[in-house]
>>> print(open('query29.json').read())   # JSON, C-alpha atoms and all ligand atoms
[["chain", "number", "residue", "atom", "x", "y", "z"],
["A", 1, "MET", "CA", 0.00, 0.00, 0.00],
["A", 2, "ASN", "CA", 1.39, 3.40, -0.94],
["A", 3, "ASP", "CA", 0.70, 6.67, 0.76],
["A", 4, "ARG", "CA", 1.57, 9.59, -1.45],
["A", 5, "SER", "CA", 0.21, 12.23, 0.92],
["A", 6, "ASP", "CA", 2.61, 14.58, 2.68],
["A", 7, "ALA", "CA", 0.81, 14.33, 6.03],
["A", 8, "MET", "CA", 3.10, 14.48, 9.04],
["A", 9, "PRO", "CA", 2.70, 12.80, 12.41],
["A", 10, "VAL", "CA", 1.13, 15.08, 15.04],
["A", 11, "PRO", "CA", 3.64, 17.03, 17.21],
["A", 12, "VAL", "CA", 3.40, 14.65, 20.19],
["A", 13, "LEU", "CA", 4.95, 11.93, 17.99],
["A", 14, "ARG", "CA", 7.59, 14.03, 16.27],
["A", 15, "ASN", "CA", 10.06, 14.06, 19.17],
["A", 16, "LEU", "CA", 10.09, 10.30, 19.33],
["A", 17, "ARG", "CA", 12.65, 8.08, 17.64],
["A", 18, "ALA", "CA", 10.53, 4.94, 17.35],
["A", 19, "VAL", "CA", 6.99, 3.62, 17.55],
["A", 20, "VAL", "CA", 6.17, 0.00, 18.46],
["A", 21, "PHE", "CA", 2.80, -1.14, 17.12],
["A", 22, "ASP", "CA", 0.84, -4.06, 18.48],
["A", 23, "THR", "CA", -0.42, -6.14, 15.54],
["A", 24, "ASP", "CA", -3.89, -7.71, 16.04],
["A", 25, "GLY", "CA", -6.47, -4.94, 16.03],
["A", 26, "VAL", "CA", -3.89, -2.18, 15.61],
["A", 27, "ILE", "CA", -2.18, -2.98, 12.30],
["A", 28, "THR", "CA", -4.31, -5.82, 10.95],
["A", 29, "ASP", "CA", -8.03, -6.38, 11.16],
["A", 30, "SER", "CA", -7.40, -9.76, 12.82],
["A", 31, "ALA", "CA", -8.63, -9.21, 16.38],
["A", 32, "ARG", "CA", -12.19, -10.03, 15.28],
["A", 33, "VAL", "CA", -10.98, -13.31, 13.72],
["A", 34, "HIS", "CA", -9.18, -14.25, 16.96],
["A", 35, "ALA", "CA", -12.26, -13.22, 19.00],
["A", 36, "ALA", "CA", -14.67, -15.28, 16.88],
["A", 37, "ALA", "CA", -12.46, -18.38, 17.12],
["A", 38, "TRP", "CA", -12.08, -17.94, 20.88],
["A", 39, "LYS", "CA", -15.86, -17.61, 21.20],
["A", 40, "THR", "CA", -16.53, -20.96, 19.55],
["A", 41, "ALA", "CA", -13.86, -22.69, 21.67],
["A", 42, "PHE", "CA", -14.87, -21.08, 24.99],
["A", 43, "ASP", "CA", -18.63, -21.42, 24.50],
["A", 44, "SER", "CA", -18.33, -25.13, 23.84],
["A", 45, "TYR", "CA", -16.15, -25.52, 26.98],
["A", 46, "LEU", "CA", -18.60, -23.47, 29.10],
["A", 47, "ALA", "CA", -21.50, -25.60, 27.86],
["A", 48, "GLU", "CA", -19.73, -28.78, 28.92],
["A", 49, "HIS", "CA", -18.29, -27.40, 32.18],
["A", 50, "PRO", "CA", -20.75, -24.84, 33.54],
["A", 51, "PRO", "CA", -19.10, -22.39, 35.98],
["A", 52, "PRO", "CA", -20.18, -22.54, 39.62],
["A", 53, "ALA", "CA", -22.16, -19.26, 39.72],
["A", 54, "PRO", "CA", -25.10, -18.72, 37.32],
["A", 55, "GLU", "CA", -23.86, -15.22, 36.32],
["A", 56, "GLN", "CA", -20.55, -16.78, 35.23],
["A", 57, "ARG", "CA", -22.33, -19.05, 32.73],
["A", 58, "ARG", "CA", -23.08, -16.43, 30.07],
["A", 59, "PRO", "CA", -21.40, -17.02, 26.70],
["A", 60, "PHE", "CA", -18.05, -15.43, 25.84],
["A", 61, "ASP", "CA", -18.55, -11.83, 24.73],
["A", 62, "VAL", "CA", -16.43, -11.07, 21.64],
["A", 63, "ARG", "CA", -16.04, -7.46, 22.72],
["A", 64, "ASP", "CA", -15.93, -7.21, 26.48],
["A", 65, "ASP", "CA", -14.48, -10.61, 27.46],
["A", 66, "TYR", "CA", -12.07, -10.53, 24.55],
["A", 67, "LEU", "CA", -10.70, -7.06, 25.33],
["A", 68, "ARG", "CA", -10.49, -7.66, 29.07],
["A", 69, "HIS", "CA", -9.03, -11.14, 29.28],
["A", 70, "VAL", "CA", -7.71, -12.46, 25.95],
["A", 71, "ASP", "CA", -6.57, -9.62, 23.71],
["A", 72, "GLY", "CA", -2.81, -9.13, 23.75],
["A", 73, "ARG", "CA", -2.05, -12.21, 25.81],
["A", 74, "SER", "CA", -0.35, -15.33, 24.54],
["A", 75, "ARG", "CA", -2.57, -18.21, 23.50],
["A", 76, "LEU", "CA", -2.31, -20.12, 26.80],
["A", 77, "ASP", "CA", -2.29, -17.03, 29.05],
["A", 78, "GLY", "CA", -5.46, -15.72, 27.35],
["A", 79, "ALA", "CA", -7.26, -19.06, 27.66],
["A", 80, "ALA", "CA", -6.37, -19.38, 31.36],
["A", 81, "ALA", "CA", -7.27, -15.73, 32.09],
["A", 82, "PHE", "CA", -10.75, -15.98, 30.56],
["A", 83, "LEU", "CA", -11.54, -19.30, 32.27],
["A", 84, "ALA", "CA", -10.34, -17.88, 35.60],
["A", 85, "SER", "CA", -12.66, -14.88, 35.11],
["A", 86, "ARG", "CA", -15.53, -17.41, 35.13],
["A", 87, "GLY", "CA", -14.27, -19.15, 38.27],
["A", 88, "LEU", "CA", -12.77, -22.04, 36.29],
["A", 89, "HIS", "CA", -9.24, -23.22, 37.05],
["A", 90, "PRO", "CA", -8.78, -26.40, 35.01],
["A", 91, "PRO", "CA", -5.43, -28.22, 34.82],
["A", 92, "PRO", "CA", -2.87, -27.01, 32.25],
["A", 93, "GLU", "CA", -3.64, -29.81, 29.78],
["A", 94, "THR", "CA", -7.29, -28.72, 29.67],
["A", 95, "VAL", "CA", -6.34, -25.08, 29.10],
["A", 96, "ARG", "CA", -4.07, -26.31, 26.31],
["A", 97, "ALA", "CA", -6.90, -28.31, 24.74],
["A", 98, "VAL", "CA", -9.20, -25.25, 24.68],
["A", 99, "ALA", "CA", -6.38, -23.16, 23.18],
["A", 100, "GLU", "CA", -5.71, -25.84, 20.56],
["A", 101, "ALA", "CA", -9.39, -25.92, 19.58],
["A", 102, "LYS", "CA", -9.25, -22.14, 19.08],
["A", 103, "GLU", "CA", -6.04, -22.44, 17.06],
["A", 104, "GLU", "CA", -7.62, -24.89, 14.62],
["A", 105, "LEU", "CA", -10.61, -22.61, 14.11],
["A", 106, "PHE", "CA", -8.40, -19.53, 13.71],
["A", 107, "SER", "CA", -6.08, -21.20, 11.20],
["A", 108, "ALA", "CA", -9.04, -22.46, 9.17],
["A", 109, "ARG", "CA", -10.62, -18.98, 9.07],
["A", 110, "LEU", "CA", -7.32, -17.44, 8.08],
["A", 111, "ARG", "CA", -7.00, -19.85, 5.16],
["A", 112, "GLU", "CA", -10.55, -18.99, 4.01],
["A", 113, "GLN", "CA", -10.40, -15.20, 4.42],
["A", 114, "GLY", "CA", -7.98, -12.53, 3.29],
["A", 115, "MET", "CA", -6.42, -10.15, 5.78],
["A", 116, "ASP", "CA", -6.51, -6.36, 5.66],
["A", 117, "ALA", "CA", -4.40, -3.72, 7.34],
["A", 118, "TYR", "CA", -6.22, -0.70, 8.72],
["A", 119, "PRO", "CA", -5.71, 2.13, 6.18],
["A", 120, "GLY", "CA", -5.29, 4.72, 8.97],
["A", 121, "THR", "CA", -2.47, 2.68, 10.51],
["A", 122, "VAL", "CA", -0.73, 2.30, 7.15],
["A", 123, "ARG", "CA", -0.95, 6.05, 6.54],
["A", 124, "LEU", "CA", 0.52, 6.78, 9.97],
["A", 125, "VAL", "CA", 3.39, 4.33, 9.48],
["A", 126, "HIS", "CA", 4.24, 5.96, 6.14],
["A", 127, "ALA", "CA", 4.19, 9.39, 7.79],
["A", 128, "LEU", "CA", 6.40, 8.22, 10.66],
["A", 129, "ARG", "CA", 8.90, 6.75, 8.23],
["A", 130, "ARG", "CA", 8.96, 10.00, 6.24],
["A", 131, "ALA", "CA", 9.70, 11.81, 9.51],
["A", 132, "GLY", "CA", 12.62, 9.44, 10.22],
["A", 133, "ILE", "CA", 10.85, 7.66, 13.07],
["A", 134, "ARG", "CA", 11.49, 3.91, 13.07],
["A", 135, "CYS", "CA", 8.59, 1.47, 13.32],
["A", 136, "ALA", "CA", 8.33, -2.00, 14.84],
["A", 137, "ALA", "CA", 5.51, -4.51, 15.00],
["A", 138, "ALA", "CA", 5.11, -6.59, 18.15],
["A", 139, "SER", "CA", 2.61, -9.28, 18.94],
["A", 140, "ALA", "CA", 1.93, -12.13, 21.33],
["A", 141, "SER", "CA", 0.63, -14.05, 18.32],
["A", 142, "ARG", "CA", 2.58, -16.76, 16.59],
["A", 143, "HIS", "CA", 0.65, -15.81, 13.45],
["A", 144, "ALA", "CA", 1.78, -12.16, 13.36],
["A", 145, "ARG", "CA", 4.32, -12.54, 10.53],
["A", 146, "GLU", "CA", 1.80, -14.37, 8.37],
["A", 147, "LEU", "CA", -0.89, -11.77, 9.13],
["A", 148, "LEU", "CA", 1.38, -8.84, 8.21],
["A", 149, "ASP", "CA", 2.52, -10.65, 5.10],
["A", 150, "ARG", "CA", -1.04, -11.43, 3.98],
["A", 151, "ALA", "CA", -2.01, -7.79, 4.55],
["A", 152, "ALA", "CA", 1.06, -6.75, 2.47],
["A", 153, "VAL", "CA", 2.53, -4.53, 5.19],
["A", 154, "LEU", "CA", 5.35, -6.68, 6.59],
["A", 155, "GLY", "CA", 7.95, -4.61, 4.72],
["A", 156, "LEU", "CA", 6.83, -1.37, 6.41],
["A", 157, "PHE", "CA", 8.29, -2.43, 9.74],
["A", 158, "ASP", "CA", 12.00, -2.36, 10.57],
["A", 159, "VAL", "CA", 11.54, -5.01, 13.23],
["A", 160, "LEU", "CA", 8.99, -7.67, 14.15],
["A", 161, "VAL", "CA", 8.89, -9.42, 17.51],
["A", 162, "ASP", "CA", 6.12, -12.01, 17.43],
["A", 163, "GLY", "CA", 4.88, -14.90, 19.54],
["A", 164, "VAL", "CA", 7.40, -17.25, 17.95],
["A", 165, "GLU", "CA", 10.27, -14.98, 19.00],
["A", 166, "ALA", "CA", 8.76, -14.41, 22.44],
["A", 167, "ALA", "CA", 8.62, -18.17, 23.01],
["A", 168, "ARG", "CA", 12.16, -18.68, 21.67],
["A", 169, "LEU", "CA", 13.54, -16.00, 23.99],
["A", 170, "GLY", "CA", 11.32, -16.94, 26.94],
["A", 171, "LEU", "CA", 9.87, -13.43, 27.11],
["A", 172, "PRO", "CA", 7.02, -13.10, 29.61],
["A", 173, "GLY", "CA", 3.72, -11.95, 28.14],
["A", 174, "LYS", "CA", 1.82, -8.69, 28.53],
["A", 175, "PRO", "CA", 1.23, -6.90, 30.88],
["A", 176, "ARG", "CA", 4.96, -7.44, 31.33],
["A", 177, "PRO", "CA", 6.73, -5.06, 28.94],
["A", 178, "ASP", "CA", 9.40, -7.45, 27.61],
["A", 179, "LEU", "CA", 7.97, -7.88, 24.10],
["A", 180, "PHE", "CA", 7.88, -4.12, 23.52],
["A", 181, "LEU", "CA", 11.24, -3.52, 25.20],
["A", 182, "ASP", "CA", 12.82, -6.16, 22.96],
["A", 183, "ALA", "CA", 11.35, -4.46, 19.87],
["A", 184, "ALA", "CA", 12.69, -1.06, 21.01],
["A", 185, "ARG", "CA", 16.09, -2.58, 21.77],
["A", 186, "ARG", "CA", 16.27, -4.09, 18.27],
["A", 187, "LEU", "CA", 15.50, -0.64, 16.86],
["A", 188, "GLY", "CA", 18.29, 0.79, 19.00],
["A", 189, "VAL", "CA", 15.95, 3.23, 20.76],
["A", 190, "PRO", "CA", 15.39, 3.49, 24.54],
["A", 191, "ALA", "CA", 11.80, 3.16, 25.77],
["A", 192, "GLY", "CA", 11.95, 6.76, 26.96],
["A", 193, "ARG", "CA", 12.20, 7.89, 23.32],
["A", 194, "ALA", "CA", 9.60, 5.50, 21.93],
["A", 195, "ALA", "CA", 5.82, 5.07, 21.87],
["A", 196, "VAL", "CA", 3.69, 1.95, 22.12],
["A", 197, "VAL", "CA", 0.39, 1.67, 20.23],
["A", 198, "GLU", "CA", -2.06, -0.86, 21.68],
["A", 199, "ASP", "CA", -5.74, -1.84, 21.73],
["A", 200, "ALA", "CA", -5.56, -4.31, 24.62],
["A", 201, "VAL", "CA", -5.77, -3.61, 28.34],
["A", 202, "ALA", "CA", -2.80, -5.89, 29.00],
["A", 203, "GLY", "CA", -0.97, -4.10, 26.16],
["A", 204, "VAL", "CA", -1.35, -0.53, 27.45],
["A", 205, "GLU", "CA", -0.30, -1.81, 30.87],
["A", 206, "ALA", "CA", 2.80, -3.32, 29.25],
["A", 207, "GLY", "CA", 3.63, -0.01, 27.58],
["A", 208, "ARG", "CA", 3.23, 1.82, 30.89],
["A", 209, "ASN", "CA", 5.25, -0.83, 32.76],
["A", 210, "GLY", "CA", 8.05, -0.51, 30.21],
["A", 211, "GLY", "CA", 8.50, 3.22, 30.79],
["A", 212, "PHE", "CA", 7.64, 4.17, 27.21],
["A", 213, "ALA", "CA", 7.45, 7.89, 26.51],
["A", 214, "LEU", "CA", 3.93, 7.62, 25.14],
["A", 215, "VAL", "CA", 1.24, 4.93, 25.24],
["A", 216, "VAL", "CA", -1.43, 5.33, 22.56],
["A", 217, "GLY", "CA", -4.63, 3.35, 23.09],
["A", 218, "VAL", "CA", -6.74, 2.33, 20.09],
["A", 219, "ALA", "CA", -10.46, 1.88, 20.84],
["A", 220, "ARG", "CA", -12.32, 1.08, 17.64],
["A", 221, "GLU", "CA", -15.63, 0.24, 19.31],
["A", 222, "PRO", "CA", -18.39, 2.83, 19.32],
["A", 223, "GLY", "CA", -19.07, 4.27, 22.77],
["A", 224, "PRO", "CA", -16.66, 5.57, 25.39],
["A", 225, "GLU", "CA", -16.17, 2.46, 27.57],
["A", 226, "ALA", "CA", -13.26, 0.78, 25.77],
["A", 227, "GLY", "CA", -11.34, 4.06, 25.51],
["A", 228, "GLN", "CA", -11.92, 4.94, 29.15],
["A", 229, "ARG", "CA", -10.71, 1.50, 30.17],
["A", 230, "LEU", "CA", -7.49, 1.94, 28.18],
["A", 231, "LEU", "CA", -6.94, 5.35, 29.81],
["A", 232, "ARG", "CA", -7.47, 3.85, 33.27],
["A", 233, "HIS", "CA", -4.94, 1.11, 32.54],
["A", 234, "GLY", "CA", -2.13, 3.33, 31.31],
["A", 235, "ALA", "CA", -2.85, 4.89, 27.91],
["A", 236, "ASP", "CA", -1.84, 8.56, 27.66],
["A", 237, "ILE", "CA", -4.18, 9.21, 24.75],
["A", 238, "VAL", "CA", -6.87, 7.17, 22.98],
["A", 239, "VAL", "CA", -7.85, 7.31, 19.32],
["A", 240, "ARG", "CA", -10.46, 5.45, 17.30],
["A", 241, "ASP", "CA", -8.29, 5.34, 14.18],
["A", 242, "LEU", "CA", -4.57, 6.02, 13.89],
["A", 243, "ALA", "CA", -5.11, 8.50, 11.06],
["A", 244, "GLU", "CA", -6.16, 10.85, 13.89],
["A", 245, "LEU", "CA", -2.43, 11.10, 14.65],
["A", 246, "LEU", "CA", -1.72, 12.70, 11.27],
["A", 247, "ALA", "CA", -1.40, 16.46, 11.18],
["A", 301, "LIG", "O1", -2.62, -18.07, 19.01],
["A", 301, "LIG", "P1", -1.75, -16.99, 18.49],
["A", 301, "LIG", "O2", -1.95, -16.67, 17.05],
["A", 301, "LIG", "O3", -0.33, -17.20, 18.85],
["A", 301, "LIG", "O4", -2.23, -15.66, 19.22],
["A", 301, "LIG", "C1", -2.16, -15.44, 20.60],
["A", 301, "LIG", "C2", -2.87, -14.14, 20.95],
["A", 301, "LIG", "O5", -2.24, -13.09, 20.23],
["A", 301, "LIG", "C3", -2.73, -11.80, 20.55],
["A", 301, "LIG", "O6", -2.07, -10.86, 19.75],
["A", 301, "LIG", "C4", -4.21, -11.72, 20.28],
["A", 301, "LIG", "O7", -4.67, -10.45, 20.76],
["A", 301, "LIG", "C5", -4.97, -12.83, 20.96],
["A", 301, "LIG", "O8", -6.30, -12.84, 20.54],
["A", 301, "LIG", "C6", -4.35, -14.17, 20.61],
["A", 301, "LIG", "O9", -5.02, -15.18, 21.32]]
>>> encode(input="query29.json", output="C-alpha cells")
Amino acid sequence: MNDRSDAMPVPVLRNLRAVVFDTDGVITDSARVHAAAWKTAFDSYLAEHPPPAPEQRRPFDVRDDYLRHVDGRSRLDGAAAFLASRGLHPPPETVRAVAEAKEELFSARLREQGMDAYPGTVRLVHALRRAGIRCAAASASRHARELLDRAAVLGLFDVLVDGVEAARLGLPGKPRPDLFLDAARRLGVPAGRAAVVEDAVAGVEAGRNGGFALVVGVAREPGPEAGQRLLRHGADIVVRDLAELLA
C-alpha cells in the first residue's frame, strides 16, 4: 500500500525516535478473527463445564471478554485468564486443549479469508517513516508474521517481535513489557524515546510498565467504555483510528 500524501505525524509523535505497534487490532483487522475463534472454543467448553455461579455461565462476549481477558495475551495465558474470570481453574492440559481448539478454528478462518491492514495505521506508518521515526511490529501471536505478510505490510516495519520470537527468547507476556522492550532494543531506541500503540488492556499496561514515553490506546468500538478503560490502565491518549495522529 502506498501513501503519497505529505501528512506528518502530530507534534506529540515528532520528538520520538521509534513507535512500536501491536499487531492484532492495531495494524491488521485480525482481532475479530481471533475473538470469533475464541468464542466458539470457549462457549463449547462453558456448555460442557458450567461455571459454579449462574452469572458466570453467560457465553463469551467477543467485545468485552475478549478485550479484558484475551486480547494481547499469549494463547495459553489468554485461555487461562478468561476461564479464571468465570471461576474455572482447570489443569494445564485442559487449558491447552481449549487453546488448541481455538487455534484450529483460527487457522481455518485465516485460510478462508484474506487479511486487511487498517488504512489509517498504514498512513501513519508511512508518515512516521517519512519523519525518520522507526517502526516496529510486536505481537503475542505466533501468526503475526503471516498476518502482516497477507495484509502486504510486513515490509513497512523495521523489526517484528512475534509470539514465535517471544517463546524462543522466553519473554514473559503482557502486561509485562518485555515484548515491547525487545522491539525497542532491536530498533536501538530506549523506551523513553519510543511510543507503544495498543488496543488491549494488558498491552497498554505493558507499555506503561516498560516506561515508554507515550502509550497510545486504540479503541475502535463505538461508545466511550473501551477508551476509558485503556486510559485507566495506562494509555496517555486514545484514538479510534490512527489517522487521527496525522497532522
Ligand atoms: O494463538 P496466536 O496466534 O499465537 O495468538 C495469541 C494471541 O495473540 C494476541 O495478539 C491476540 O490479541 C490474541 O487474541 C491471541 O489469542
>>> closest_residue(input="query29.json", among="A:Ala243, A:Ala31, A:Ala136, A:Met8", to="Leu110 in chain A", atoms="all atoms listed in the file")
A:Ala31
>>> residues_near_ligand(input="query29.json", ligand="ligand LIG 301 (chain A)", cutoff="8 Å", atoms="only C-alpha atoms and all ligand atoms", output="ChimeraX atom specification")
/A:22-25,31,34-35,38,66,70-76,78-79,99,102-103,106,139-144,163-164,200
>>> write_last_selection(input="query29.json", atoms="C-alpha atoms", output="short mmCIF file (atom, residue, chain, number, x, y, z; two decimals), in the coordinates of the input")
data_model
loop_
_atom_site.label_atom_id
_atom_site.label_comp_id
_atom_site.auth_asym_id
_atom_site.auth_seq_id
_atom_site.Cartn_x
_atom_site.Cartn_y
_atom_site.Cartn_z
CA ASP A 22 0.84 -4.06 18.48
CA THR A 23 -0.42 -6.14 15.54
CA ASP A 24 -3.89 -7.71 16.04
CA GLY A 25 -6.47 -4.94 16.03
CA ALA A 31 -8.63 -9.21 16.38
CA HIS A 34 -9.18 -14.25 16.96
CA ALA A 35 -12.26 -13.22 19.00
CA TRP A 38 -12.08 -17.94 20.88
CA TYR A 66 -12.07 -10.53 24.55
CA VAL A 70 -7.71 -12.46 25.95
CA ASP A 71 -6.57 -9.62 23.71
CA GLY A 72 -2.81 -9.13 23.75
CA ARG A 73 -2.05 -12.21 25.81
CA SER A 74 -0.35 -15.33 24.54
CA ARG A 75 -2.57 -18.21 23.50
CA LEU A 76 -2.31 -20.12 26.80
CA GLY A 78 -5.46 -15.72 27.35
CA ALA A 79 -7.26 -19.06 27.66
CA ALA A 99 -6.38 -23.16 23.18
CA LYS A 102 -9.25 -22.14 19.08
CA GLU A 103 -6.04 -22.44 17.06
CA PHE A 106 -8.40 -19.53 13.71
CA SER A 139 2.61 -9.28 18.94
CA ALA A 140 1.93 -12.13 21.33
CA SER A 141 0.63 -14.05 18.32
CA ARG A 142 2.58 -16.76 16.59
CA HIS A 143 0.65 -15.81 13.45
CA ALA A 144 1.78 -12.16 13.36
CA GLY A 163 4.88 -14.90 19.54
CA VAL A 164 7.40 -17.25 17.95
CA ALA A 200 -5.56 -4.31 24.62
#
>>> closest_residue(input="query29.json", among="A:Ser107, A:Thr94, A:Thr28, A:Gln113", to="Val153 in chain A", atoms="only C-alpha atoms")
A:Thr28
>>> closest_residue(input="query29.json", among="A:Val218, A:Leu88, A:Val238, A:Ala101", to="Pro50 in chain A", atoms="all atoms listed in the file")
A:Leu88
>>> closest_residue(input="query29.json", among="A:Val122, A:Leu187, A:Val12, A:Ala53", to="Ala151 in chain A", atoms="only C-alpha atoms")
A:Val122
>>> closest_residue(input="query29.json", among="A:Leu160, A:Ala80, A:Leu245, A:Ala18", to="Ala194 in chain A", atoms="all atoms listed in the file")
A:Ala18
>>> atom_distance(input="query29.json", atom1="CA of Ala137 in chain A", atom2="CA of Arg185 in chain A")
12.7 Å
>>> closest_residue(input="query29.json", among="A:Pro91, A:Gly223, A:Pro9, A:Pro59", to="Ala127 in chain A", atoms="all atoms listed in the file")
A:Pro9
>>> axis_aligned_box(input="query29.json", around="range 148-165 of chain A", padding_each_side="6 Å", output="AutoDock Vina command-line options")
--center_x 5.0 --center_y -9.3 --center_z 11.0 --size_x 26.0 --size_y 27.9 --size_z 29.1
>>> atom_distance(input="query29.json", atom1="CA of Phe212 in chain A", atom2="CA of Val196 in chain A")
6.8 Å
>>> atom_distance(input="query29.json", atom1="CA of Leu156 in chain A", atom2="CA of Pro119 in chain A")
13.0 Å
>>> decode(input="query29.json", residues="range 28-40 of chain A", atoms="N, CA and C atoms", output="PDB file, in the first residue's frame")
ATOM      1  N   THR A  28      -3.438  -4.983  11.792  1.00  0.00           N
ATOM      2  CA  THR A  28      -4.310  -5.821  10.951  1.00  0.00           C
ATOM      3  C   THR A  28      -5.678  -6.014  11.594  1.00  0.00           C
ATOM      4  N   ASP A  29      -6.641  -6.205  10.728  1.00  0.00           N
ATOM      5  CA  ASP A  29      -8.031  -6.384  11.155  1.00  0.00           C
ATOM      6  C   ASP A  29      -8.244  -7.848  11.569  1.00  0.00           C
ATOM      7  N   SER A  30      -7.396  -8.340  12.465  1.00  0.00           N
ATOM      8  CA  SER A  30      -7.402  -9.760  12.817  1.00  0.00           C
ATOM      9  C   SER A  30      -7.948 -10.034  14.206  1.00  0.00           C
ATOM     10  N   ALA A  31      -8.134  -8.973  15.020  1.00  0.00           N
ATOM     11  CA  ALA A  31      -8.625  -9.209  16.381  1.00  0.00           C
ATOM     12  C   ALA A  31     -10.001  -9.873  16.328  1.00  0.00           C
ATOM     13  N   ARG A  32     -10.829  -9.445  15.348  1.00  0.00           N
ATOM     14  CA  ARG A  32     -12.186 -10.027  15.285  1.00  0.00           C
ATOM     15  C   ARG A  32     -12.123 -11.504  14.876  1.00  0.00           C
ATOM     16  N   VAL A  33     -11.108 -11.894  14.107  1.00  0.00           N
ATOM     17  CA  VAL A  33     -10.980 -13.311  13.719  1.00  0.00           C
ATOM     18  C   VAL A  33     -10.539 -14.132  14.937  1.00  0.00           C
ATOM     19  N   HIS A  34      -9.571 -13.585  15.703  1.00  0.00           N
ATOM     20  CA  HIS A  34      -9.182 -14.251  16.957  1.00  0.00           C
ATOM     21  C   HIS A  34     -10.402 -14.371  17.871  1.00  0.00           C
ATOM     22  N   ALA A  35     -11.136 -13.242  18.042  1.00  0.00           N
ATOM     23  CA  ALA A  35     -12.257 -13.215  19.005  1.00  0.00           C
ATOM     24  C   ALA A  35     -13.326 -14.236  18.621  1.00  0.00           C
ATOM     25  N   ALA A  36     -13.625 -14.341  17.317  1.00  0.00           N
ATOM     26  CA  ALA A  36     -14.665 -15.278  16.877  1.00  0.00           C
ATOM     27  C   ALA A  36     -14.225 -16.721  17.127  1.00  0.00           C
ATOM     28  N   ALA A  37     -12.951 -17.009  16.884  1.00  0.00           N
ATOM     29  CA  ALA A  37     -12.461 -18.379  17.116  1.00  0.00           C
ATOM     30  C   ALA A  37     -12.456 -18.704  18.613  1.00  0.00           C
ATOM     31  N   TRP A  38     -12.043 -17.725  19.431  1.00  0.00           N
ATOM     32  CA  TRP A  38     -12.080 -17.940  20.885  1.00  0.00           C
ATOM     33  C   TRP A  38     -13.512 -18.195  21.339  1.00  0.00           C
ATOM     34  N   LYS A  39     -14.459 -17.457  20.769  1.00  0.00           N
ATOM     35  CA  LYS A  39     -15.859 -17.610  21.205  1.00  0.00           C
ATOM     36  C   LYS A  39     -16.344 -19.046  21.001  1.00  0.00           C
ATOM     37  N   THR A  40     -16.075 -19.585  19.821  1.00  0.00           N
ATOM     38  CA  THR A  40     -16.525 -20.956  19.554  1.00  0.00           C
ATOM     39  C   THR A  40     -15.882 -21.928  20.549  1.00  0.00           C
TER      40      THR A  40
END
